[in-house]
>>> print(open('structure.cif').read())   # mmCIF, C-alpha atoms and all ligand atoms
data_model
loop_
_atom_site.label_atom_id
_atom_site.label_comp_id
_atom_site.auth_asym_id
_atom_site.auth_seq_id
_atom_site.Cartn_x
_atom_site.Cartn_y
_atom_site.Cartn_z
CA MET A 1 31.26 39.30 23.18
CA THR A 2 29.19 41.38 25.61
CA GLU A 3 27.12 39.63 28.28
CA ARG A 4 23.46 39.26 27.38
CA PHE A 5 22.37 40.11 30.92
CA SER A 6 23.50 43.09 32.99
CA ALA A 7 25.12 42.12 36.28
CA GLY A 8 22.70 41.43 39.11
CA ARG A 9 19.60 40.69 37.05
CA GLY A 10 16.99 38.75 39.02
CA ALA A 11 14.41 36.34 37.61
CA VAL A 12 11.33 34.62 38.98
CA VAL A 13 10.57 31.33 37.23
CA THR A 14 7.30 29.59 38.15
CA GLY A 15 6.76 25.84 37.97
CA ALA A 16 10.52 25.45 38.37
CA ALA A 17 10.76 22.27 40.44
CA GLY A 18 11.01 20.21 37.27
CA GLY A 19 10.27 20.07 33.56
CA LEU A 20 10.65 23.18 31.44
CA GLY A 21 10.75 25.55 34.41
CA ARG A 22 13.78 23.84 35.86
CA GLY A 23 15.51 23.92 32.46
CA ILE A 24 14.76 27.63 32.06
CA ALA A 25 16.09 28.37 35.55
CA GLU A 26 19.22 26.36 34.83
CA ARG A 27 19.85 28.27 31.62
CA LEU A 28 19.35 31.68 33.25
CA LEU A 29 21.69 30.73 36.10
CA THR A 30 24.42 29.75 33.65
CA GLU A 31 24.09 33.24 32.13
CA GLY A 32 24.67 34.89 35.50
CA VAL A 33 21.04 35.68 36.40
CA GLN A 34 19.92 35.23 40.02
CA VAL A 35 16.83 33.03 40.07
CA LEU A 36 13.93 32.51 42.45
CA LEU A 37 12.26 29.18 41.77
CA VAL A 38 8.52 28.99 42.51
CA ASP A 39 6.56 25.75 42.71
CA VAL A 40 3.72 24.07 44.57
CA ASP A 41 5.82 20.95 45.26
CA PRO A 42 8.15 21.70 48.22
CA ASP A 43 10.07 18.41 48.10
CA ARG A 44 11.06 18.53 44.43
CA LEU A 45 11.69 22.26 44.80
CA GLY A 46 14.14 21.63 47.65
CA ASP A 47 16.00 19.02 45.62
CA THR A 48 16.14 21.34 42.61
CA VAL A 49 17.60 24.23 44.61
CA VAL A 50 20.34 21.96 45.92
CA GLU A 51 21.09 20.62 42.44
CA LEU A 52 21.17 24.05 40.78
CA SER A 53 23.05 25.89 43.52
CA ALA A 54 26.43 25.07 41.96
CA LEU A 55 25.45 27.17 38.91
CA GLY A 56 24.74 30.46 40.65
CA GLN A 57 22.58 32.33 43.12
CA VAL A 58 19.33 30.42 43.43
CA ALA A 59 16.53 30.47 46.01
CA ALA A 60 13.05 29.00 46.17
CA VAL A 61 9.59 29.59 47.51
CA SER A 62 6.92 26.94 47.64
CA VAL A 63 3.45 28.27 46.95
CA ASP A 64 0.28 27.25 45.15
CA LEU A 65 0.03 29.96 42.52
CA THR A 66 -3.75 29.71 42.44
CA ALA A 67 -3.96 30.84 46.10
CA PRO A 68 -5.08 34.46 46.50
CA ASP A 69 -2.00 35.47 48.51
CA ALA A 70 0.49 33.75 46.16
CA PRO A 71 1.60 36.91 44.31
CA ALA A 72 2.39 38.69 47.60
CA THR A 73 4.32 35.64 48.82
CA VAL A 74 6.40 35.52 45.63
CA VAL A 75 7.09 39.28 45.60
CA SER A 76 8.18 39.15 49.23
CA ALA A 77 10.47 36.13 48.64
CA ALA A 78 11.95 37.93 45.62
CA ALA A 79 12.62 41.05 47.69
CA GLN A 80 14.55 38.92 50.20
CA ASN A 81 16.46 36.81 47.69
CA LEU A 82 16.82 38.74 44.44
CA GLY A 83 16.61 42.40 45.26
CA SER A 84 14.54 43.15 42.16
CA ILE A 85 12.45 41.17 39.72
CA ASP A 86 13.86 42.09 36.31
CA ILE A 87 12.53 38.98 34.61
CA LEU A 88 9.30 37.07 35.19
CA VAL A 89 8.78 33.71 33.49
CA ASN A 90 5.20 32.51 33.88
CA ASN A 91 5.79 28.82 33.24
CA ALA A 92 3.70 26.88 35.79
CA GLY A 93 0.86 25.11 34.05
CA ILE A 94 -1.26 22.00 33.92
CA GLY A 95 -2.36 20.04 30.90
CA GLY A 96 -5.74 19.84 29.26
CA SER A 97 -8.28 17.09 29.39
CA THR A 98 -10.62 16.10 26.63
CA HIS A 99 -13.17 17.02 23.98
CA VAL A 100 -15.46 19.97 24.61
CA HIS A 101 -18.56 17.79 25.04
CA GLU A 102 -16.81 15.71 27.73
CA VAL A 103 -14.81 18.25 29.66
CA GLU A 104 -15.84 18.70 33.26
CA GLU A 105 -16.70 22.21 34.36
CA GLN A 106 -14.32 22.09 37.34
CA ARG A 107 -11.38 20.85 35.23
CA TRP A 108 -12.03 23.61 32.68
CA ARG A 109 -11.90 26.17 35.48
CA ASP A 110 -8.79 24.64 37.12
CA VAL A 111 -6.77 24.70 33.90
CA ILE A 112 -7.64 28.29 33.12
CA GLU A 113 -7.20 29.32 36.77
CA LEU A 114 -3.54 28.25 36.88
CA ASN A 115 -2.43 28.68 33.27
CA LEU A 116 -4.04 32.08 32.71
CA HIS A 117 -5.45 33.70 35.84
CA ALA A 118 -2.49 32.90 38.13
CA SER A 119 -0.08 34.20 35.46
CA PHE A 120 -2.14 37.39 35.20
CA ARG A 121 -2.16 37.89 38.98
CA LEU A 122 1.58 37.36 39.43
CA THR A 123 2.34 39.64 36.48
CA ARG A 124 0.09 42.33 37.95
CA ALA A 125 1.97 42.06 41.24
CA VAL A 126 5.43 42.52 39.72
CA LEU A 127 4.53 45.34 37.29
CA PRO A 128 4.57 48.34 39.68
CA ASP A 129 8.21 47.72 40.62
CA MET A 130 9.20 47.08 36.99
CA MET A 131 7.48 50.36 36.02
CA ARG A 132 9.27 52.23 38.80
CA ARG A 133 12.64 50.90 37.61
CA GLU A 134 11.65 51.24 33.91
CA TYR A 135 12.89 47.76 33.13
CA GLY A 136 11.23 44.39 32.76
CA ARG A 137 11.17 41.23 30.71
CA ILE A 138 8.03 39.10 30.94
CA VAL A 139 8.06 35.73 29.21
CA ASN A 140 4.90 33.63 29.22
CA ILE A 141 5.11 29.93 28.41
CA ALA A 142 2.16 29.34 26.12
CA SER A 143 1.83 26.34 23.79
CA MET A 144 1.32 25.40 20.18
CA ASN A 145 -2.20 24.53 21.40
CA GLY A 146 -2.83 28.23 21.95
CA MET A 147 -2.06 28.95 18.28
CA THR A 148 -3.69 26.08 16.41
CA GLY A 149 -6.69 23.86 17.08
CA PHE A 150 -5.74 20.41 18.37
CA ARG A 151 -8.14 17.65 19.27
CA ARG A 152 -8.91 16.95 22.95
CA SER A 153 -7.33 20.13 24.19
CA SER A 154 -10.07 22.73 24.55
CA ASP A 155 -9.52 23.84 28.15
CA TYR A 156 -5.74 23.98 27.72
CA ALA A 157 -5.97 25.70 24.32
CA VAL A 158 -8.24 28.41 25.70
CA SER A 159 -5.89 29.02 28.64
CA LYS A 160 -2.85 29.32 26.35
CA ALA A 161 -4.59 31.48 23.73
CA GLY A 162 -5.58 33.73 26.62
CA LEU A 163 -1.97 33.86 27.75
CA ILE A 164 -0.90 34.91 24.25
CA ALA A 165 -3.55 37.66 24.29
CA LEU A 166 -2.35 38.73 27.75
CA THR A 167 1.21 38.89 26.36
CA ARG A 168 0.17 41.24 23.57
CA SER A 169 -1.81 43.42 25.98
CA LEU A 170 1.19 43.68 28.29
CA ALA A 171 3.39 44.62 25.32
CA ALA A 172 0.99 47.42 24.39
CA ASP A 173 0.49 48.71 27.91
CA TYR A 174 4.06 48.71 29.21
CA GLY A 175 6.43 49.30 26.28
CA ARG A 176 6.74 52.94 27.30
CA HIS A 177 7.92 51.74 30.71
CA GLY A 178 10.87 49.74 29.37
CA ILE A 179 9.01 46.47 29.82
CA THR A 180 8.72 43.84 27.10
CA ALA A 181 6.35 40.88 27.10
CA ASN A 182 6.67 37.86 24.85
CA ALA A 183 5.41 34.31 24.76
CA VAL A 184 7.16 31.06 23.91
CA ALA A 185 4.93 28.38 22.46
CA PRO A 186 6.58 24.97 22.75
CA GLY A 187 5.58 21.84 20.91
CA VAL A 188 5.83 18.52 22.72
CA VAL A 189 8.81 18.29 25.09
CA MET A 190 9.15 15.09 27.12
CA THR A 191 8.45 16.42 30.62
CA PRO A 192 6.10 14.82 33.18
CA LEU A 193 3.25 16.94 31.76
CA ALA A 194 3.80 15.71 28.19
CA GLU A 195 4.31 12.12 29.34
CA ARG A 196 0.94 12.21 31.15
CA MET A 197 -0.74 13.66 28.06
CA LEU A 198 0.78 11.12 25.66
CA ALA A 199 0.05 8.19 28.00
CA SER A 200 -3.64 8.95 27.62
CA ARG A 201 -3.46 8.68 23.81
CA PRO A 202 -2.74 5.89 21.34
CA GLN A 203 0.91 5.23 20.43
CA TRP A 204 0.51 6.47 16.88
CA TYR A 205 -0.32 9.90 18.27
CA THR A 206 3.26 10.32 19.48
CA ARG A 207 4.61 9.16 16.15
CA ALA A 208 2.36 11.54 14.23
CA ASN A 209 3.48 14.37 16.46
CA ILE A 210 7.10 13.65 15.59
CA GLU A 211 6.70 12.89 11.88
CA LEU A 212 4.17 15.47 10.72
CA LYS A 213 6.49 18.43 10.89
CA PRO A 214 9.70 19.58 9.20
CA ILE A 215 11.99 18.79 12.17
CA ALA A 216 11.20 15.18 12.99
CA ARG A 217 11.90 14.92 16.71
CA THR A 218 10.37 15.96 20.01
CA GLY A 219 11.61 19.14 21.61
CA GLU A 220 14.23 19.31 24.32
CA THR A 221 13.96 21.43 27.44
CA ALA A 222 17.11 23.20 26.24
CA ASP A 223 15.33 24.26 23.01
CA VAL A 224 12.71 26.08 25.04
CA ALA A 225 15.19 27.44 27.59
CA ALA A 226 17.31 28.98 24.82
CA ALA A 227 14.31 30.85 23.42
CA VAL A 228 13.30 32.08 26.86
CA ALA A 229 16.84 33.19 27.66
CA TYR A 230 16.92 35.34 24.51
CA LEU A 231 13.55 36.97 25.17
CA ALA A 232 14.51 37.52 28.82
CA SER A 233 17.86 39.09 27.94
CA ASP A 234 18.80 42.75 27.88
CA GLU A 235 19.48 42.49 24.14
CA ALA A 236 15.87 41.56 23.28
CA GLY A 237 14.67 45.08 24.12
CA TYR A 238 13.17 45.75 20.67
CA VAL A 239 11.12 42.54 20.61
CA THR A 240 7.73 42.64 22.30
CA GLY A 241 4.25 41.17 21.90
CA GLN A 242 5.63 38.17 20.02
CA THR A 243 4.86 34.49 20.31
CA LEU A 244 7.90 32.39 19.42
CA ALA A 245 6.90 28.85 18.48
CA VAL A 246 9.55 26.30 19.47
CA ASP A 247 7.86 23.33 17.87
CA GLY A 248 9.97 22.00 15.00
CA GLY A 249 7.86 23.94 12.52
CA LEU A 250 4.58 22.22 13.40
CA THR A 251 2.32 25.25 13.67
CA ALA A 252 4.00 27.12 10.78
CA THR A 253 3.59 24.41 8.16
CA HIS A 254 1.25 21.79 6.81
CA TYR A 255 3.92 19.14 6.50
CA VAL A 256 3.22 16.00 4.51
CA PRO A 257 6.07 13.47 4.76
CA ASP A 258 7.30 11.64 1.64
CA GLN A 259 5.99 8.44 3.09
CA PHE A 260 4.38 7.43 6.33
CA SER A 261 6.23 4.27 7.16
CA ASP A 262 8.37 2.96 10.01
CA GLU A 263 11.49 4.24 8.24
CA ARG A 264 12.74 7.77 8.68
N1 LIG A 301 6.07 19.73 27.99
C1 LIG A 301 5.44 20.12 26.89
O1 LIG A 301 5.36 19.38 25.91
C2 LIG A 301 4.82 21.50 26.83
C3 LIG A 301 4.40 21.95 25.59
C4 LIG A 301 3.83 23.20 25.49
C5 LIG A 301 3.71 23.99 26.61
N2 LIG A 301 4.11 23.53 27.82
C6 LIG A 301 3.94 24.40 28.98
O2 LIG A 301 5.17 24.53 29.65
C7 LIG A 301 4.92 24.77 31.03
C8 LIG A 301 5.73 23.78 31.85
O3 LIG A 301 5.28 22.49 31.51
P1 LIG A 301 6.10 21.16 31.84
O4 LIG A 301 5.95 20.30 30.66
O5 LIG A 301 7.43 21.51 32.36
O6 LIG A 301 5.16 20.58 33.00
P2 LIG A 301 5.53 19.82 34.34
O7 LIG A 301 4.25 19.21 34.83
O8 LIG A 301 6.70 18.96 34.14
O9 LIG A 301 5.96 21.01 35.30
C9 LIG A 301 5.02 21.96 35.75
C10 LIG A 301 5.47 22.47 37.11
O10 LIG A 301 4.46 23.37 37.59
C11 LIG A 301 4.23 23.09 38.96
N3 LIG A 301 2.87 23.48 39.34
C12 LIG A 301 1.72 22.84 39.00
N4 LIG A 301 0.68 23.44 39.59
C13 LIG A 301 1.18 24.50 40.29
C14 LIG A 301 0.59 25.50 41.12
N5 LIG A 301 -0.73 25.54 41.34
N6 LIG A 301 1.39 26.43 41.70
C15 LIG A 301 2.74 26.37 41.50
N7 LIG A 301 3.35 25.45 40.74
C16 LIG A 301 2.57 24.53 40.14
C17 LIG A 301 4.43 21.57 39.09
O11 LIG A 301 4.68 21.18 40.42
C18 LIG A 301 5.59 21.33 38.14
O12 LIG A 301 6.84 21.40 38.79
C19 LIG A 301 3.41 24.64 31.23
O13 LIG A 301 2.83 25.92 31.24
C20 LIG A 301 2.98 23.87 30.01
O14 LIG A 301 1.64 24.14 29.66
C21 LIG A 301 4.68 22.30 27.96
#
>>> encode(input="structure.cif", output="structure tokens")
Amino acid sequence: MTERFSAGRGAVVTGAAGGLGRGIAERLLTEGVQVLLVDVDPDRLGDTVVELSALGQVAAVSVDLTAPDAPATVVSAAAQNLGSIDILVNNAGIGGSTHVHEVEEQRWRDVIELNLHASFRLTRAVLPDMMRREYGRIVNIASMNGMTGFRRSSDYAVSKAGLIALTRSLAADYGRHGITANAVAPGVVMTPLAERMLASRPQWYTRANIELKPIARTGETADVAAAVAYLASDEAGYVTGQTLAVDGGLTATHYVPDQFSDER
């Protein structure tokens, strides 16, 4: 079997100190990709680099991606550690808050600032080099909330729907330059972000989230990482502008279980 990634491919993965970002970085490293981890949390980032270093060539830069100079910091760290950015995974994100009539203006802005605007700015910064080299794979981590209306998720949903629209625009603008752009839209995966979200809701909400879909479990980080690894690979060169839902079929179906009891 041929390798899915050419030798020496370099990837930037944001929000990689934990959760999905760490899982994505781990998966890319196991496939021979060099990875630059980006995160706002220097302590967890340091631990993660140490833990992942046995898998391959990994480096890290700690930066708040909402800061104006963040893209330049990341591009410079990538130049030192990767050589080139062949793959960009815009994963860093924060969760949503509440109903539209209760959401605070500042929270609304903060969610969209990181989840959408920071992803846009980092993508803009890496594009010129990708265009020069006529190669790039951009993978944006969206959410099922960006595809379907969910309650108490307006700020988050808008940020993720915007990211999906950005993905399609990138696909249209840069296909002629050898660059693909796709989104992965996970359902609930038990990371710190999801745990915080579920802790603010009644217990039955978690159960409904598991039961009301064809595949009756929560997602694993590895489920998402596998989808990202495919879209980031050399062999996905004919796939662009897509949003791949990794959500157990939740957004694709209106699933009514045989019975809604404590038994599976
Ligand atoms: N976990 C889920 O159920 C789920 C579902 C759908 C989509 N997502 C998306 O997946 C992505 C990762 O989520 P997760 O569940 O791993 O969350 P998480 O909270 O576990 O991890 C997010 C990471 O981003 C980092 N981060 C936060 N603000 C940052 C900033 N300003 N600059 C740089 N780094 C910053 C955090 O330090 C953290 O390490 C997010 O975009 C999220 O919206 C998650």
>>> closest_residue(input="structure.cif", among="A:Ala142, A:Val35, A:Leu28, A:Ala77", to="ligand LIG 301 (chain A)", atoms="all atoms listed in the file")
A:Ala142
>>> closest_atom_pairs(input="structure.cif", of="chain A", to="ligand LIG 301 (chain A)", cutoff="6 Å", atoms="all atoms listed in the file", output="JSON lines")
{"residue": "A:Gly15", "atom": "CA", "partner": "A:LIG301", "partner_atom": "O10", "distance": 3.4}
{"residue": "A:Ala16", "atom": "CA", "partner": "A:LIG301", "partner_atom": "O12", "distance": 5.5}
{"residue": "A:Ala17", "atom": "CA", "partner": "A:LIG301", "partner_atom": "O12", "distance": 4.3}
{"residue": "A:Gly18", "atom": "CA", "partner": "A:LIG301", "partner_atom": "O12", "distance": 4.6}
{"residue": "A:Gly19", "atom": "CA", "partner": "A:LIG301", "partner_atom": "O5", "distance": 3.4}
{"residue": "A:Leu20", "atom": "CA", "partner": "A:LIG301", "partner_atom": "O5", "distance": 3.7}
{"residue": "A:Gly21", "atom": "CA", "partner": "A:LIG301", "partner_atom": "O5", "distance": 5.6}
{"residue": "A:Asp39", "atom": "CA", "partner": "A:LIG301", "partner_atom": "N7", "distance": 3.8}
{"residue": "A:Val40", "atom": "CA", "partner": "A:LIG301", "partner_atom": "C15", "distance": 4.0}
{"residue": "A:Asp41", "atom": "CA", "partner": "A:LIG301", "partner_atom": "O11", "distance": 5.0}
{"residue": "A:Val63", "atom": "CA", "partner": "A:LIG301", "partner_atom": "C15", "distance": 5.8}
{"residue": "A:Asp64", "atom": "CA", "partner": "A:LIG301", "partner_atom": "N6", "distance": 3.7}
{"residue": "A:Leu65", "atom": "CA", "partner": "A:LIG301", "partner_atom": "N6", "distance": 3.9}
{"residue": "A:Thr66", "atom": "CA", "partner": "A:LIG301", "partner_atom": "N5", "distance": 5.3}
{"residue": "A:Asn91", "atom": "CA", "partner": "A:LIG301", "partner_atom": "O13", "distance": 4.6}
{"residue": "A:Ala92", "atom": "CA", "partner": "A:LIG301", "partner_atom": "O10", "distance": 4.0}
{"residue": "A:Gly93", "atom": "CA", "partner": "A:LIG301", "partner_atom": "O13", "distance": 3.5}
{"residue": "A:Ile94", "atom": "CA", "partner": "A:LIG301", "partner_atom": "O14", "distance": 5.6}
{"residue": "A:Gly95", "atom": "CA", "partner": "A:LIG301", "partner_atom": "O14", "distance": 5.9}
{"residue": "A:Leu114", "atom": "CA", "partner": "A:LIG301", "partner_atom": "N5", "distance": 5.9}
{"residue": "A:Ile141", "atom": "CA", "partner": "A:LIG301", "partner_atom": "O13", "distance": 5.4}
{"residue": "A:Ala142", "atom": "CA", "partner": "A:LIG301", "partner_atom": "C5", "distance": 5.6}
{"residue": "A:Ser143", "atom": "CA", "partner": "A:LIG301", "partner_atom": "C4", "distance": 4.1}
{"residue": "A:Pro186", "atom": "CA", "partner": "A:LIG301", "partner_atom": "C4", "distance": 4.3}
{"residue": "A:Gly187", "atom": "CA", "partner": "A:LIG301", "partner_atom": "C3", "distance": 4.8}
{"residue": "A:Val188", "atom": "CA", "partner": "A:LIG301", "partner_atom": "O1", "distance": 3.3}
{"residue": "A:Val189", "atom": "CA", "partner": "A:LIG301", "partner_atom": "O1", "distance": 3.7}
{"residue": "A:Met190", "atom": "CA", "partner": "A:LIG301", "partner_atom": "N1", "distance": 5.6}
{"residue": "A:Thr191", "atom": "CA", "partner": "A:LIG301", "partner_atom": "O4", "distance": 4.6}
{"residue": "A:Pro192", "atom": "CA", "partner": "A:LIG301", "partner_atom": "O8", "distance": 4.3}
{"residue": "A:Leu193", "atom": "CA", "partner": "A:LIG301", "partner_atom": "O7", "distance": 3.9}
{"residue": "A:Ala194", "atom": "CA", "partner": "A:LIG301", "partner_atom": "O1", "distance": 4.6}
>>> closest_residue(input="structure.cif", among="A:Met197, A:Ala229, A:Val89, A:Met147", to="Ser119 (chain A)", atoms="all atoms listed in the file")
A:Val89
>>> closest_residue(input="structure.cif", among="A:Ala181, A:Leu231, A:Val103, A:Val111", to="Ser159 (chain A)", atoms="all atoms listed in the file")
A:Val111
>>> residues_around(input="structure.cif", residues="Val49 (chain A)", least_positions_apart="6", cutoff="12 Å", atoms="only C-alpha atoms", output="mmCIF file with C-alpha atoms, in the frame of the given file")
data_model
loop_
_atom_site.group_PDB
_atom_site.id
_atom_site.type_symbol
_atom_site.label_atom_id
_atom_site.label_comp_id
_atom_site.auth_asym_id
_atom_site.auth_seq_id
_atom_site.Cartn_x
_atom_site.Cartn_y
_atom_site.Cartn_z
ATOM 1 C CA ALA A 16 10.520 25.450 38.370
ATOM 2 C CA ALA A 17 10.760 22.270 40.440
ATOM 3 C CA GLY A 18 11.010 20.210 37.270
ATOM 4 C CA ARG A 22 13.780 23.840 35.860
ATOM 5 C CA ALA A 25 16.090 28.370 35.550
ATOM 6 C CA GLU A 26 19.220 26.360 34.830
ATOM 7 C CA LEU A 29 21.690 30.730 36.100
ATOM 8 C CA VAL A 35 16.830 33.030 40.070
ATOM 9 C CA LEU A 36 13.930 32.510 42.450
ATOM 10 C CA LEU A 37 12.260 29.180 41.770
ATOM 11 C CA VAL A 38 8.520 28.990 42.510
ATOM 12 C CA ASP A 39 6.560 25.750 42.710
ATOM 13 C CA PRO A 42 8.150 21.700 48.220
ATOM 14 C CA ASP A 43 10.070 18.410 48.100
ATOM 15 C CA LEU A 55 25.450 27.170 38.910
ATOM 16 C CA GLY A 56 24.740 30.460 40.650
ATOM 17 C CA GLN A 57 22.580 32.330 43.120
ATOM 18 C CA VAL A 58 19.330 30.420 43.430
ATOM 19 C CA ALA A 59 16.530 30.470 46.010
ATOM 20 C CA ALA A 60 13.050 29.000 46.170
ATOM 21 C CA VAL A 61 9.590 29.590 47.510
ATOM 22 C CA SER A 62 6.920 26.940 47.640
#
>>> residues_around(input="structure.cif", residues="Arg201 (chain A)", least_positions_apart="5", cutoff="10 Å", atoms="all atoms listed in the file", output="ChimeraX atom specification")
/A:152,196,206
>>> atom_distance(input="structure.cif", atom1="CA of Ser154 (chain A)", atom2="CA of Val224 (chain A)")
23.0 Å
>>> closest_residue(input="structure.cif", among="A:Ala78, A:Val12, A:Ala165, A:Ala216", to="Phe120 (chain A)", atoms="all atoms listed in the file")
A:Ala165
>>> atom_distance(input="structure.cif", atom1="CA of Val158 (chain A)", atom2="CA of Asn145 (chain A)")
8.4 Å
>>> atom_distance(input="structure.cif", atom1="CA of Asn182 (chain A)", atom2="CA of Pro68 (chain A)")
24.9 Å
>>> decode(input="structure.cif", residues="region 163-195 of chain A", atoms="C-alpha atoms", output="short mmCIF file (atom, residue, chain, number, x, y, z; two decimals), in the first residue's frame")
data_model
loop_
_atom_site.label_atom_id
_atom_site.label_comp_id
_atom_site.auth_asym_id
_atom_site.auth_seq_id
_atom_site.Cartn_x
_atom_site.Cartn_y
_atom_site.Cartn_z
CA LEU A 163 -16.64 28.24 8.95
CA ILE A 164 -18.46 25.90 6.56
CA ALA A 165 -19.13 28.84 4.22
CA LEU A 166 -15.46 29.86 4.49
CA THR A 167 -14.50 26.27 3.58
CA ARG A 168 -16.58 26.36 0.40
CA SER A 169 -15.20 29.79 -0.55
CA LEU A 170 -11.64 28.52 -0.08
CA ALA A 171 -12.44 25.49 -2.24
CA ALA A 172 -13.71 27.75 -5.02
CA ASP A 173 -10.89 30.26 -4.81
CA TYR A 174 -7.87 27.96 -4.55
CA GLY A 175 -8.65 24.71 -6.38
CA ARG A 176 -6.64 25.94 -9.35
CA HIS A 177 -3.68 26.33 -7.01
CA GLY A 178 -3.64 22.70 -5.88
CA ILE A 179 -5.27 23.58 -2.58
CA THR A 180 -8.30 21.76 -1.19
CA ALA A 181 -10.47 22.93 1.70
CA ASN A 182 -12.91 20.74 3.58
CA ALA A 183 -14.70 20.78 6.90
CA VAL A 184 -15.30 18.05 9.44
CA ALA A 185 -18.45 18.45 11.50
CA PRO A 186 -18.28 16.32 14.64
CA GLY A 187 -21.16 15.40 16.87
CA VAL A 188 -20.56 15.20 20.61
CA VAL A 189 -17.12 13.86 21.54
CA MET A 190 -16.27 13.74 25.24
CA THR A 191 -13.56 16.41 25.42
CA PRO A 192 -13.35 19.19 28.03
CA LEU A 193 -15.44 21.41 25.73
CA ALA A 194 -18.26 18.85 25.45
CA GLU A 195 -18.11 18.04 29.16
#
